[in-house]
$ cat work_24.pdb   # PDB, C-alpha atoms
ATOM      1  CA  MET A 173     -71.348-181.928 107.892
ATOM      2  CA  ASP A 174     -68.197-183.818 106.886
ATOM      3  CA  ASN A 175     -67.874-187.523 107.524
ATOM      4  CA  HIS A 176     -65.638-187.167 110.593
ATOM      5  CA  GLU A 177     -68.229-184.878 112.142
ATOM      6  CA  THR A 178     -71.045-187.301 111.314
ATOM      7  CA  ILE A 179     -69.186-189.995 113.234
ATOM      8  CA  ARG A 180     -68.609-187.716 116.238
ATOM      9  CA  LYS A 181     -72.333-186.871 116.279
ATOM     10  CA  TYR A 182     -73.154-190.604 116.190
ATOM     11  CA  PHE A 183     -71.426-190.994 119.562
ATOM     12  CA  GLU A 184     -72.519-187.650 120.992
ATOM     13  CA  PHE A 185     -76.210-188.371 120.350
ATOM     14  CA  ALA A 186     -75.976-192.006 121.526
ATOM     15  CA  ASN A 187     -74.333-191.030 124.801
ATOM     16  CA  ALA A 188     -76.926-188.292 125.378
ATOM     17  CA  GLY A 189     -79.776-190.725 124.712
ATOM     18  CA  LYS A 190     -80.941-188.568 121.769
ATOM     19  CA  TRP A 191     -81.933-191.527 119.635
ATOM     20  CA  ASP A 192     -84.185-189.593 117.239
ATOM     21  CA  ALA A 193     -81.343-187.183 116.408
ATOM     22  CA  TRP A 194     -79.068-190.232 116.131
ATOM     23  CA  CYS A 195     -81.427-191.759 113.545
ATOM     24  CA  ASP A 196     -81.373-188.482 111.581
ATOM     25  CA  LEU A 197     -77.694-189.168 110.829
ATOM     26  CA  PHE A 198     -78.796-192.007 108.486
ATOM     27  CA  THR A 199     -80.207-191.728 104.959
ATOM     28  CA  ASP A 200     -83.801-192.832 104.337
ATOM     29  CA  ASP A 201     -82.527-195.841 102.356
ATOM     30  CA  MET A 202     -79.907-196.825 104.924
ATOM     31  CA  VAL A 203     -78.862-200.444 105.467
ATOM     32  CA  MET A 204     -77.403-201.706 108.750
ATOM     33  CA  ASP A 205     -75.900-205.065 109.683
ATOM     34  CA  GLU A 206     -76.011-204.856 113.469
ATOM     35  CA  GLN A 207     -74.468-207.615 115.583
ATOM     36  CA  LEU A 208     -77.475-208.025 117.877
ATOM     37  CA  ALA A 209     -80.368-206.604 115.828
ATOM     38  CA  GLY A 210     -79.501-208.197 112.477
ATOM     39  CA  HIS A 211     -80.120-206.805 108.977
ATOM     40  CA  ILE A 212     -82.088-203.545 109.034
ATOM     41  CA  VAL A 213     -83.250-201.865 105.832
ATOM     42  CA  GLY A 214     -84.564-198.311 105.762
ATOM     43  CA  LEU A 215     -84.741-195.503 108.296
ATOM     44  CA  ALA A 216     -88.456-196.192 108.749
ATOM     45  CA  ALA A 217     -87.524-199.585 110.216
ATOM     46  CA  LEU A 218     -84.594-198.293 112.279
ATOM     47  CA  ARG A 219     -86.330-195.397 114.032
ATOM     48  CA  PRO A 220     -88.941-197.401 115.991
ATOM     49  CA  MET A 221     -86.285-199.940 117.002
ATOM     50  CA  MET A 222     -84.084-197.205 118.481
ATOM     51  CA  ALA A 223     -87.014-195.563 120.267
ATOM     52  CA  GLY A 224     -86.873-198.387 122.805
ATOM     53  CA  MET A 225     -83.191-197.920 123.710
ATOM     54  CA  GLY A 226     -83.936-195.657 126.671
ATOM     55  CA  GLN A 227     -86.048-198.377 128.296
ATOM     56  CA  ALA A 228     -83.774-201.264 127.320
ATOM     57  CA  TYR A 229     -80.678-199.999 129.123
ATOM     58  CA  ALA A 230     -80.278-198.538 132.612
ATOM     59  CA  LYS A 231     -76.947-197.169 131.366
ATOM     60  CA  PHE A 232     -75.465-196.957 127.874
ATOM     61  CA  GLN A 233     -72.177-195.259 127.084
ATOM     62  CA  ASN A 234     -70.263-195.807 123.836
ATOM     63  CA  VAL A 235     -66.837-194.173 124.028
ATOM     64  CA  LEU A 236     -65.128-193.381 120.722
ATOM     65  CA  LYS A 237     -61.491-194.506 120.687
ATOM     66  CA  GLU A 238     -60.380-194.120 117.062
ATOM     67  CA  ILE A 239     -61.716-192.859 113.709
ATOM     68  CA  VAL A 240     -60.495-193.733 110.204
ATOM     69  CA  VAL A 241     -62.112-192.045 107.195
ATOM     70  CA  GLU A 242     -61.221-192.317 103.528
ATOM     71  CA  GLY A 243     -63.592-190.637 101.093
ATOM     72  CA  ASP A 244     -67.099-191.949 101.624
ATOM     73  CA  GLN A 245     -66.069-194.869 103.823
ATOM     74  CA  GLY A 246     -65.120-194.856 107.479
ATOM     75  CA  ALA A 247     -64.549-197.014 110.524
ATOM     76  CA  VAL A 248     -64.319-196.600 114.270
ATOM     77  CA  VAL A 249     -63.138-198.439 117.336
ATOM     78  CA  SER A 250     -65.177-197.791 120.464
ATOM     79  CA  HIS A 251     -65.906-199.240 123.877
ATOM     80  CA  ILE A 252     -69.424-199.834 125.214
ATOM     81  CA  SER A 253     -70.138-199.760 128.954
ATOM     82  CA  ALA A 254     -73.775-200.584 129.624
ATOM     83  CA  LEU A 255     -76.298-202.038 132.038
ATOM     84  CA  ALA A 256     -79.380-203.875 130.796
ATOM     85  CA  ALA A 257     -82.480-202.446 132.488
ATOM     86  CA  LYS A 258     -83.480-205.809 133.984
ATOM     87  CA  TYR A 259     -79.973-206.801 135.112
ATOM     88  CA  PRO A 260     -78.309-203.591 136.364
ATOM     89  CA  ASP A 261     -75.921-205.573 138.585
ATOM     90  CA  GLN A 262     -74.296-207.312 135.574
ATOM     91  CA  PRO A 263     -72.049-204.823 133.732
ATOM     92  CA  ILE A 264     -71.641-205.064 129.973
ATOM     93  CA  GLU A 265     -68.163-204.090 128.745
ATOM     94  CA  ALA A 266     -67.307-204.586 125.081
ATOM     95  CA  ASP A 267     -64.859-203.345 122.470
ATOM     96  CA  VAL A 268     -66.656-202.645 119.222
ATOM     97  CA  MET A 269     -65.827-201.808 115.618
ATOM     98  CA  ASN A 270     -68.140-200.157 113.109
ATOM     99  CA  PHE A 271     -67.657-199.789 109.356
ATOM    100  CA  TYR A 272     -69.593-197.051 107.549
ATOM    101  CA  ARG A 273     -70.409-195.822 104.077
ATOM    102  CA  PHE A 274     -71.544-192.214 103.649
ATOM    103  CA  ARG A 275     -73.599-190.215 101.187
ATOM    104  CA  ASP A 276     -73.860-186.432 101.495
ATOM    105  CA  GLY A 277     -72.587-186.504 105.078
ATOM    106  CA  LYS A 278     -75.033-189.178 106.252
ATOM    107  CA  PHE A 279     -74.605-192.875 106.944
ATOM    108  CA  THR A 280     -75.982-195.004 104.131
ATOM    109  CA  TYR A 281     -74.499-198.301 105.418
ATOM    110  CA  MET A 282     -73.164-199.493 108.747
ATOM    111  CA  ARG A 283     -71.789-202.836 109.901
ATOM    112  CA  ASN A 284     -71.219-203.318 113.611
ATOM    113  CA  VAL A 285     -68.980-206.127 114.922
ATOM    114  CA  HIS A 286     -68.217-207.280 118.452
ATOM    115  CA  ASP A 287     -68.363-210.341 120.637
ATOM    116  CA  THR A 288     -71.932-211.069 121.728
ATOM    117  CA  LYS A 289     -70.823-212.755 124.972
ATOM    118  CA  PRO A 290     -70.506-209.482 126.979
ATOM    119  CA  PHE A 291     -74.095-208.639 125.981
ATOM    120  CA  GLU A 292     -75.478-211.812 127.554
ATOM    121  CA  PRO A 293     -77.528-209.885 130.193
ATOM    122  CA  PHE A 294     -79.149-207.804 127.437
ATOM    123  CA  LEU A 295     -79.838-210.866 125.285
ATOM    124  CA  ARG A 296     -81.400-212.638 128.297
ATOM    125  CA  GLN A 297     -83.565-209.586 128.867
ATOM    126  CA  ILE A 298     -84.926-209.399 125.307
ATOM    127  CA  SER A 299     -85.548-213.153 125.218
ATOM    128  CA  GLY A 300     -87.765-212.802 128.265
ATOM    129  CA  GLY A 301     -85.309-214.344 130.720
TER     130      GLY A 301
ATOM    131  CA  MET B  26     -45.198-195.051 103.310
ATOM    132  CA  THR B  27     -48.315-194.090 101.365
ATOM    133  CA  ILE B  28     -51.813-195.243 102.232
ATOM    134  CA  GLU B  29     -51.829-197.417  99.113
ATOM    135  CA  THR B  30     -48.543-199.053 100.145
ATOM    136  CA  ASN B  31     -49.937-199.775 103.591
ATOM    137  CA  LYS B  32     -53.093-201.244 102.037
ATOM    138  CA  ALA B  33     -50.909-203.510  99.896
ATOM    139  CA  ILE B  34     -49.166-204.751 103.062
ATOM    140  CA  LEU B  35     -52.545-205.656 104.556
ATOM    141  CA  GLY B  36     -53.330-207.397 101.285
ATOM    142  CA  ARG B  37     -50.254-209.568 101.791
ATOM    143  CA  HIS B  38     -51.408-210.352 105.349
ATOM    144  CA  PHE B  39     -54.784-211.622 104.153
ATOM    145  CA  ASN B  40     -53.757-213.291 100.897
ATOM    146  CA  GLU B  41     -50.280-214.657 101.522
ATOM    147  CA  VAL B  42     -50.336-215.298 105.274
ATOM    148  CA  LEU B  43     -53.949-216.149 106.096
ATOM    149  CA  ASN B  44     -55.173-217.635 102.801
ATOM    150  CA  HIS B  45     -52.009-219.459 101.732
ATOM    151  CA  GLY B  46     -50.195-220.013 105.014
ATOM    152  CA  HIS B  47     -46.907-218.420 103.926
ATOM    153  CA  LEU B  48     -45.658-217.886 107.472
ATOM    154  CA  GLU B  49     -42.292-216.487 106.342
ATOM    155  CA  VAL B  50     -44.122-213.379 105.118
ATOM    156  CA  ILE B  51     -44.885-212.562 108.778
ATOM    157  CA  ASP B  52     -41.176-211.794 109.275
ATOM    158  CA  GLU B  53     -41.328-209.311 106.383
ATOM    159  CA  ILE B  54     -44.450-207.326 107.207
ATOM    160  CA  TYR B  55     -44.737-207.414 111.027
ATOM    161  CA  SER B  56     -42.551-205.674 113.581
ATOM    162  CA  SER B  57     -40.876-207.970 116.108
ATOM    163  CA  ASP B  58     -42.927-206.436 118.955
ATOM    164  CA  TYR B  59     -46.250-206.819 117.136
ATOM    165  CA  ILE B  60     -49.383-207.019 119.306
ATOM    166  CA  LEU B  61     -52.769-208.304 118.124
ATOM    167  CA  ASP B  62     -55.917-207.985 120.255
ATOM    168  CA  ALA B  63     -58.522-210.447 118.936
ATOM    169  CA  PRO B  64     -61.016-213.143 119.929
ATOM    170  CA  VAL B  65     -59.817-216.768 120.291
ATOM    171  CA  ARG B  66     -56.605-217.318 122.248
ATOM    172  CA  SER B  67     -53.663-218.038 120.001
ATOM    173  CA  ASP B  68     -52.837-221.209 121.933
ATOM    174  CA  GLY B  69     -56.308-222.483 121.040
ATOM    175  CA  SER B  70     -57.237-223.073 124.666
ATOM    176  CA  SER B  71     -60.259-220.796 124.834
ATOM    177  CA  GLN B  72     -62.536-218.538 122.827
ATOM    178  CA  GLU B  73     -61.826-215.538 125.046
ATOM    179  CA  ARG B  74     -60.187-212.360 123.747
ATOM    180  CA  SER B  75     -56.464-212.238 124.271
ATOM    181  CA  LEU B  76     -53.262-210.617 123.088
ATOM    182  CA  THR B  77     -51.006-212.222 120.515
ATOM    183  CA  LYS B  78     -47.494-210.897 121.121
ATOM    184  CA  GLY B  79     -44.713-211.062 118.553
ATOM    185  CA  ARG B  80     -44.209-212.835 115.256
ATOM    186  CA  GLU B  81     -43.913-216.357 116.662
ATOM    187  CA  GLN B  82     -47.224-216.171 118.507
ATOM    188  CA  LEU B  83     -48.823-214.824 115.330
ATOM    189  CA  LYS B  84     -47.467-217.778 113.365
ATOM    190  CA  GLN B  85     -48.944-220.093 116.018
ATOM    191  CA  ARG B  86     -52.295-218.321 115.648
ATOM    192  CA  VAL B  87     -52.283-218.695 111.852
ATOM    193  CA  ILE B  88     -51.446-222.404 112.218
ATOM    194  CA  LEU B  89     -54.304-222.783 114.727
ATOM    195  CA  PHE B  90     -56.870-221.402 112.277
ATOM    196  CA  ARG B  91     -55.439-223.198 109.238
ATOM    197  CA  THR B  92     -55.386-226.509 111.150
ATOM    198  CA  GLY B  93     -58.991-226.109 112.258
ATOM    199  CA  PHE B  94     -60.102-224.928 108.820
ATOM    200  CA  PRO B  95     -57.661-226.228 106.150
ATOM    201  CA  ASP B  96     -59.639-224.483 103.376
ATOM    202  CA  ILE B  97     -59.978-221.201 105.280
ATOM    203  CA  HIS B  98     -60.362-218.163 103.048
ATOM    204  CA  PHE B  99     -60.519-214.515 104.006
ATOM    205  CA  ASP B 100     -62.348-212.176 101.634
ATOM    206  CA  MET B 101     -61.338-208.521 101.947
ATOM    207  CA  ASP B 102     -64.759-206.950 101.498
ATOM    208  CA  GLU B 103     -63.667-203.317 101.909
ATOM    209  CA  ILE B 104     -60.393-201.584 102.753
ATOM    210  CA  ILE B 105     -59.706-197.984 103.747
ATOM    211  CA  GLY B 106     -56.733-196.086 105.094
ATOM    212  CA  GLU B 107     -55.874-192.804 106.758
ATOM    213  CA  MET B 108     -52.365-191.733 107.778
ATOM    214  CA  ASP B 109     -50.584-194.874 109.068
ATOM    215  CA  THR B 110     -53.763-196.824 109.792
ATOM    216  CA  VAL B 111     -55.611-199.333 107.596
ATOM    217  CA  VAL B 112     -59.035-200.867 108.234
ATOM    218  CA  VAL B 113     -60.264-204.027 106.504
ATOM    219  CA  ARG B 114     -63.835-205.302 106.628
ATOM    220  CA  TYR B 115     -63.501-209.021 106.002
ATOM    221  CA  THR B 116     -65.390-212.292 105.969
ATOM    222  CA  TYR B 117     -63.690-215.597 106.627
ATOM    223  CA  SER B 118     -65.118-218.931 105.644
ATOM    224  CA  GLY B 119     -64.017-222.536 105.761
ATOM    225  CA  THR B 120     -64.790-226.100 106.772
ATOM    226  CA  HIS B 121     -64.125-227.346 110.306
ATOM    227  CA  LEU B 122     -61.925-230.370 109.563
ATOM    228  CA  GLY B 123     -59.377-230.094 112.381
ATOM    229  CA  LEU B 124     -59.227-229.499 116.140
ATOM    230  CA  PHE B 125     -60.018-225.859 116.858
ATOM    231  CA  ALA B 126     -60.249-224.121 120.237
ATOM    232  CA  GLY B 127     -60.781-227.492 121.896
ATOM    233  CA  VAL B 128     -63.624-228.463 119.555
ATOM    234  CA  GLU B 129     -63.242-231.743 117.652
ATOM    235  CA  PRO B 130     -63.710-231.531 113.849
ATOM    236  CA  SER B 131     -67.407-231.223 113.001
ATOM    237  CA  GLY B 132     -67.356-230.857 109.216
ATOM    238  CA  CYS B 133     -69.417-227.707 109.639
ATOM    239  CA  SER B 134     -69.015-224.809 107.223
ATOM    240  CA  ILE B 135     -68.483-221.423 108.818
ATOM    241  CA  ALA B 136     -68.719-217.833 107.576
ATOM    242  CA  ILE B 137     -67.818-215.068 110.017
ATOM    243  CA  PRO B 138     -67.718-211.307 109.336
ATOM    244  CA  GLY B 139     -65.135-209.151 111.033
ATOM    245  CA  ILE B 140     -63.266-205.861 110.985
ATOM    246  CA  LEU B 141     -59.519-205.371 111.480
ATOM    247  CA  ILE B 142     -57.720-202.110 112.242
ATOM    248  CA  ALA B 143     -53.949-202.154 111.816
ATOM    249  CA  HIS B 144     -51.310-199.563 112.636
ATOM    250  CA  LEU B 145     -48.110-199.505 110.594
ATOM    251  CA  ILE B 146     -44.738-197.820 110.832
ATOM    252  CA  ASP B 147     -42.017-197.958 108.164
ATOM    253  CA  GLY B 148     -43.905-200.598 106.224
ATOM    254  CA  LYS B 149     -44.454-202.972 109.122
ATOM    255  CA  ILE B 150     -47.611-203.743 111.093
ATOM    256  CA  TYR B 151     -46.917-203.146 114.778
ATOM    257  CA  GLU B 152     -50.384-203.236 116.342
ATOM    258  CA  ALA B 153     -53.822-204.502 115.342
ATOM    259  CA  PHE B 154     -57.277-205.010 116.774
ATOM    260  CA  SER B 155     -59.610-207.518 115.164
ATOM    261  CA  ALA B 156     -63.305-207.727 115.982
ATOM    262  CA  PHE B 157     -65.471-210.739 115.245
ATOM    263  CA  ASP B 158     -68.059-212.681 117.172
ATOM    264  CA  SER B 159     -66.400-215.731 118.719
ATOM    265  CA  ALA B 160     -69.773-216.848 120.120
ATOM    266  CA  GLU B 161     -71.162-216.989 116.567
ATOM    267  CA  LEU B 162     -68.097-218.964 115.477
ATOM    268  CA  LEU B 163     -68.665-221.577 118.207
ATOM    269  CA  LYS B 164     -72.367-221.689 117.314
ATOM    270  CA  GLN B 165     -71.534-222.438 113.673
ATOM    271  CA  LEU B 166     -69.190-225.245 114.776
ATOM    272  CA  ALA B 167     -72.247-227.006 116.209
ATOM    273  CA  CYS B 168     -74.182-227.186 112.924
TER     274      CYS B 168
END
$ encode --input "work_24.pdb" --output "structure tokens"
Amino acid sequence: MDNHETIRKYFEFANAGKWDAWCDLFTDDMVMDEQLAGHIVGLAALRPMMAGMGQAYAKFQNVLKEIVVEGDQGAVVSHISALAAKYPDQPIEADVMNFYRFRDGKFTYMRNVHDTKPFEPFLRQISGG
Amino acid sequence: MTIETNKAILGRHFNEVLNHGHLEVIDEIYSSDYILDAPVRSDGSSQERSLTKGREQLKQRVILFRTGFPDIHFDMDEIIGEMDTVVVRYTYSGTHLGLFAGVEPSGCSIAIPGILIAHLIDGKIYEAFSAFDSAELLKQLAC
């Protein structure tokens, strides 16, 4: 799988709620700096975190808008439309950018950047509010 | 223009414009109808996302950040390009010594990661989208 295809699968699996297949796109020694989840090291740590996505959101769609790939680095612009499970009447709309590094067609590093303000309903949910 | 030439133009944006405040460089490397979509309004009135339109508004935006953080420095952590598009993963840091987005100087040090995607034509940047967490920026101003 080339790096463009890996990125397309990232969005295809996320939007289908196939979070285990989504995790398979990452190397075992992956590192992720995720805006909301923080610094994640290793696929063994990532997989159980993503297993809860289906319960955390009543709706989660991440629409790919643009891909840039050069060698084993890449980036995307996307737009997330989501509803936190506990607050389905408070839409989350956010433009997002991701930066990736690849090894053998898999993600070995990802940084995700966006404003946290649109995710306030989700943050309230996970803080017990 | 080659990808490497376009990367060099982004290098001038970060080093000459943002890090050293050479506003005249904006006239060289930006198209007159430039549009930037980024957090923090360029008039400094709010932290909300907004559009910066044209070279003069961009100059105002650079002044806003360099007034709030006189020692502001952008590190270009990674840069890639494809066709006429360049992406920069960056981190900016500085000390809050001036009025910024309605917040009085706090003396707080800030460090904010971000990603910028820029589209170029004929050696000029005509459109860009910059992502960073403005809520984290405001949080760091309250150290």
$ resolve_selection --input "work_24.pdb" --expression "the ChimeraX specification (/B :<6) & /A" --output "ChimeraX atom specification"
/A:240,242,285-287
$ write_last_selection --input "work_24.pdb" --atoms "C-alpha atoms" --output "mmCIF file, in the frame of the given file"
data_model
loop_
_atom_site.group_PDB
_atom_site.id
_atom_site.type_symbol
_atom_site.label_atom_id
_atom_site.label_comp_id
_atom_site.auth_asym_id
_atom_site.auth_seq_id
_atom_site.Cartn_x
_atom_site.Cartn_y
_atom_site.Cartn_z
ATOM 1 C CA VAL A 240 -60.495 -193.733 110.204
ATOM 2 C CA GLU A 242 -61.221 -192.317 103.528
ATOM 3 C CA VAL A 285 -68.980 -206.127 114.922
ATOM 4 C CA HIS A 286 -68.217 -207.280 118.452
ATOM 5 C CA ASP A 287 -68.363 -210.341 120.637
#
$ residues_near_point --input "work_24.pdb" --point "(-61.3, -211.7, 101.2)" --cutoff "8 Å" --atoms "only C-alpha atoms" --output "list of chain:residue names"
B:Phe39, B:Asn40, B:His98, B:Phe99, B:Asp100, B:Met101, B:Asp102, B:Tyr115, B:Thr116, B:Tyr117
$ write_last_selection --input "work_24.pdb" --atoms "C-alpha atoms" --output "short mmCIF file (atom, residue, chain, number, x, y, z; two decimals), in the coordinates of the input"
data_model
loop_
_atom_site.label_atom_id
_atom_site.label_comp_id
_atom_site.auth_asym_id
_atom_site.auth_seq_id
_atom_site.Cartn_x
_atom_site.Cartn_y
_atom_site.Cartn_z
CA PHE B 39 -54.78 -211.62 104.15
CA ASN B 40 -53.76 -213.29 100.90
CA HIS B 98 -60.36 -218.16 103.05
CA PHE B 99 -60.52 -214.52 104.01
CA ASP B 100 -62.35 -212.18 101.63
CA MET B 101 -61.34 -208.52 101.95
CA ASP B 102 -64.76 -206.95 101.50
CA TYR B 115 -63.50 -209.02 106.00
CA THR B 116 -65.39 -212.29 105.97
CA TYR B 117 -63.69 -215.60 106.63
#
$ resolve_selection --input "work_24.pdb" --expression "the PyMOL selection byres ((chain A and resi 190) around 12)" --output "VMD selection string"
chain A and resid 181 to 189 191 to 197 219 222 to 226 232
$ resolve_selection --input "work_24.pdb" --expression "the PyMOL selection byres ((chain A and resi 269-284) around 6)" --output "list in words"
Met173, Asp174, Asn175, Leu197, Phe198, Thr199, Met202, Val203, Met204, Asp205, Glu206, Gln207, Asp244, Gln245, Gly246, Ala247, Val248, Val249, Val268 and Val285 of chain A
$ atom_distance --input "work_24.pdb" --atom1 "CA of Lys258 (chain A)" --atom2 "CA of Pro290 (chain A)"
15.2 Å
$ atom_distance --input "work_24.pdb" --atom1 "CA of Ser118 (chain B)" --atom2 "CA of Asn31 (chain B)"
24.5 Å
$ residues_around --input "work_24.pdb" --residues "Leu162 (chain B)" --least-positions-apart "6" --cutoff "9 Å" --atoms "only C-alpha atoms" --output "ChimeraX atom specification"
/B:135-137
$ write_last_selection --input "work_24.pdb" --atoms "C-alpha atoms" --output "mmCIF file, in the coordinates of the input"
data_model
loop_
_atom_site.group_PDB
_atom_site.id
_atom_site.type_symbol
_atom_site.label_atom_id
_atom_site.label_comp_id
_atom_site.auth_asym_id
_atom_site.auth_seq_id
_atom_site.Cartn_x
_atom_site.Cartn_y
_atom_site.Cartn_z
ATOM 1 C CA ILE B 135 -68.483 -221.423 108.818
ATOM 2 C CA ALA B 136 -68.719 -217.833 107.576
ATOM 3 C CA ILE B 137 -67.818 -215.068 110.017
#
$ atom_distance --input "work_24.pdb" --atom1 "CA of Leu236 (chain A)" --atom2 "CA of Ala266 (chain A)"
12.2 Å
$ closest_residue --input "work_24.pdb" --among "B:Lys164, B:Ile88, B:Glu152, B:Gly123" --to "Leu76 (chain B)" --atoms "only C-alpha atoms"
B:Glu152
$ residues_around --input "work_24.pdb" --residues "Leu83 (chain B)" --least-positions-apart "2" --cutoff "12 Å" --atoms "all atoms listed in the file" --output "CSV table (one decimal) with C-alpha atoms, in the coordinates of the input"
chain,number,residue,atom,x,y,z
B,38,HIS,CA,-51.4,-210.4,105.3
B,42,VAL,CA,-50.3,-215.3,105.3
B,43,LEU,CA,-53.9,-216.1,106.1
B,46,GLY,CA,-50.2,-220.0,105.0
B,48,LEU,CA,-45.7,-217.9,107.5
B,49,GLU,CA,-42.3,-216.5,106.3
B,50,VAL,CA,-44.1,-213.4,105.1
B,51,ILE,CA,-44.9,-212.6,108.8
B,52,ASP,CA,-41.2,-211.8,109.3
B,54,ILE,CA,-44.4,-207.3,107.2
B,55,TYR,CA,-44.7,-207.4,111.0
B,56,SER,CA,-42.6,-205.7,113.6
B,57,SER,CA,-40.9,-208.0,116.1
B,58,ASP,CA,-42.9,-206.4,119.0
B,59,TYR,CA,-46.2,-206.8,117.1
B,60,ILE,CA,-49.4,-207.0,119.3
B,61,LEU,CA,-52.8,-208.3,118.1
B,62,ASP,CA,-55.9,-208.0,120.3
B,63,ALA,CA,-58.5,-210.4,118.9
B,66,ARG,CA,-56.6,-217.3,122.2
B,67,SER,CA,-53.7,-218.0,120.0
B,68,ASP,CA,-52.8,-221.2,121.9
B,76,LEU,CA,-53.3,-210.6,123.1
B,77,THR,CA,-51.0,-212.2,120.5
B,78,LYS,CA,-47.5,-210.9,121.1
B,79,GLY,CA,-44.7,-211.1,118.6
B,80,ARG,CA,-44.2,-212.8,115.3
B,81,GLU,CA,-43.9,-216.4,116.7
B,85,GLN,CA,-48.9,-220.1,116.0
B,86,ARG,CA,-52.3,-218.3,115.6
B,87,VAL,CA,-52.3,-218.7,111.9
B,88,ILE,CA,-51.4,-222.4,112.2
B,89,LEU,CA,-54.3,-222.8,114.7
B,90,PHE,CA,-56.9,-221.4,112.3
B,150,ILE,CA,-47.6,-203.7,111.1
B,151,TYR,CA,-46.9,-203.1,114.8
B,152,GLU,CA,-50.4,-203.2,116.3
B,153,ALA,CA,-53.8,-204.5,115.3
$ residues_around --input "work_24.pdb" --residues "Ser134 (chain B)" --least-positions-apart "6" --cutoff "7 Å" --atoms "only C-alpha atoms" --output "compact mmCIF listing (two decimals) with C-alpha atoms, in the frame of the given file"
# COMPACT_ATOMS: atom_id res chain seq x y z
CA GLY B 119 -64.02 -222.54 105.76
CA THR B 120 -64.79 -226.10 106.77
CA HIS B 121 -64.12 -227.35 110.31
$ residues_around --input "work_24.pdb" --residues "Phe291 (chain A)" --least-positions-apart "6" --cutoff "12 Å" --atoms "all atoms listed in the file" --output "JSON list (two decimals) with C-alpha atoms, keeping the file's coordinate frame"
[["chain", "number", "residue", "atom", "x", "y", "z"],
["A", 207, "GLN", "CA", -74.47, -207.62, 115.58],
["A", 208, "LEU", "CA", -77.47, -208.02, 117.88],
["A", 229, "TYR", "CA", -80.68, -200.00, 129.12],
["A", 232, "PHE", "CA", -75.46, -196.96, 127.87],
["A", 252, "ILE", "CA", -69.42, -199.83, 125.21],
["A", 253, "SER", "CA", -70.14, -199.76, 128.95],
["A", 254, "ALA", "CA", -73.78, -200.58, 129.62],
["A", 255, "LEU", "CA", -76.30, -202.04, 132.04],
["A", 256, "ALA", "CA", -79.38, -203.88, 130.80],
["A", 259, "TYR", "CA", -79.97, -206.80, 135.11],
["A", 262, "GLN", "CA", -74.30, -207.31, 135.57],
["A", 263, "PRO", "CA", -72.05, -204.82, 133.73],
["A", 264, "ILE", "CA", -71.64, -205.06, 129.97],
["A", 265, "GLU", "CA", -68.16, -204.09, 128.74],
["A", 266, "ALA", "CA", -67.31, -204.59, 125.08],
["A", 267, "ASP", "CA", -64.86, -203.34, 122.47],
["A", 268, "VAL", "CA", -66.66, -202.64, 119.22],
["A", 297, "GLN", "CA", -83.56, -209.59, 128.87],
["A", 298, "ILE", "CA", -84.93, -209.40, 125.31],
["B", 158, "ASP", "CA", -68.06, -212.68, 117.17],
["B", 160, "ALA", "CA", -69.77, -216.85, 120.12]]
$ closest_residue --input "work_24.pdb" --among "B:Lys84, B:Leu166, B:Ile97, B:Glu41" --to "Val128 (chain B)" --atoms "all atoms listed in the file"
B:Leu166
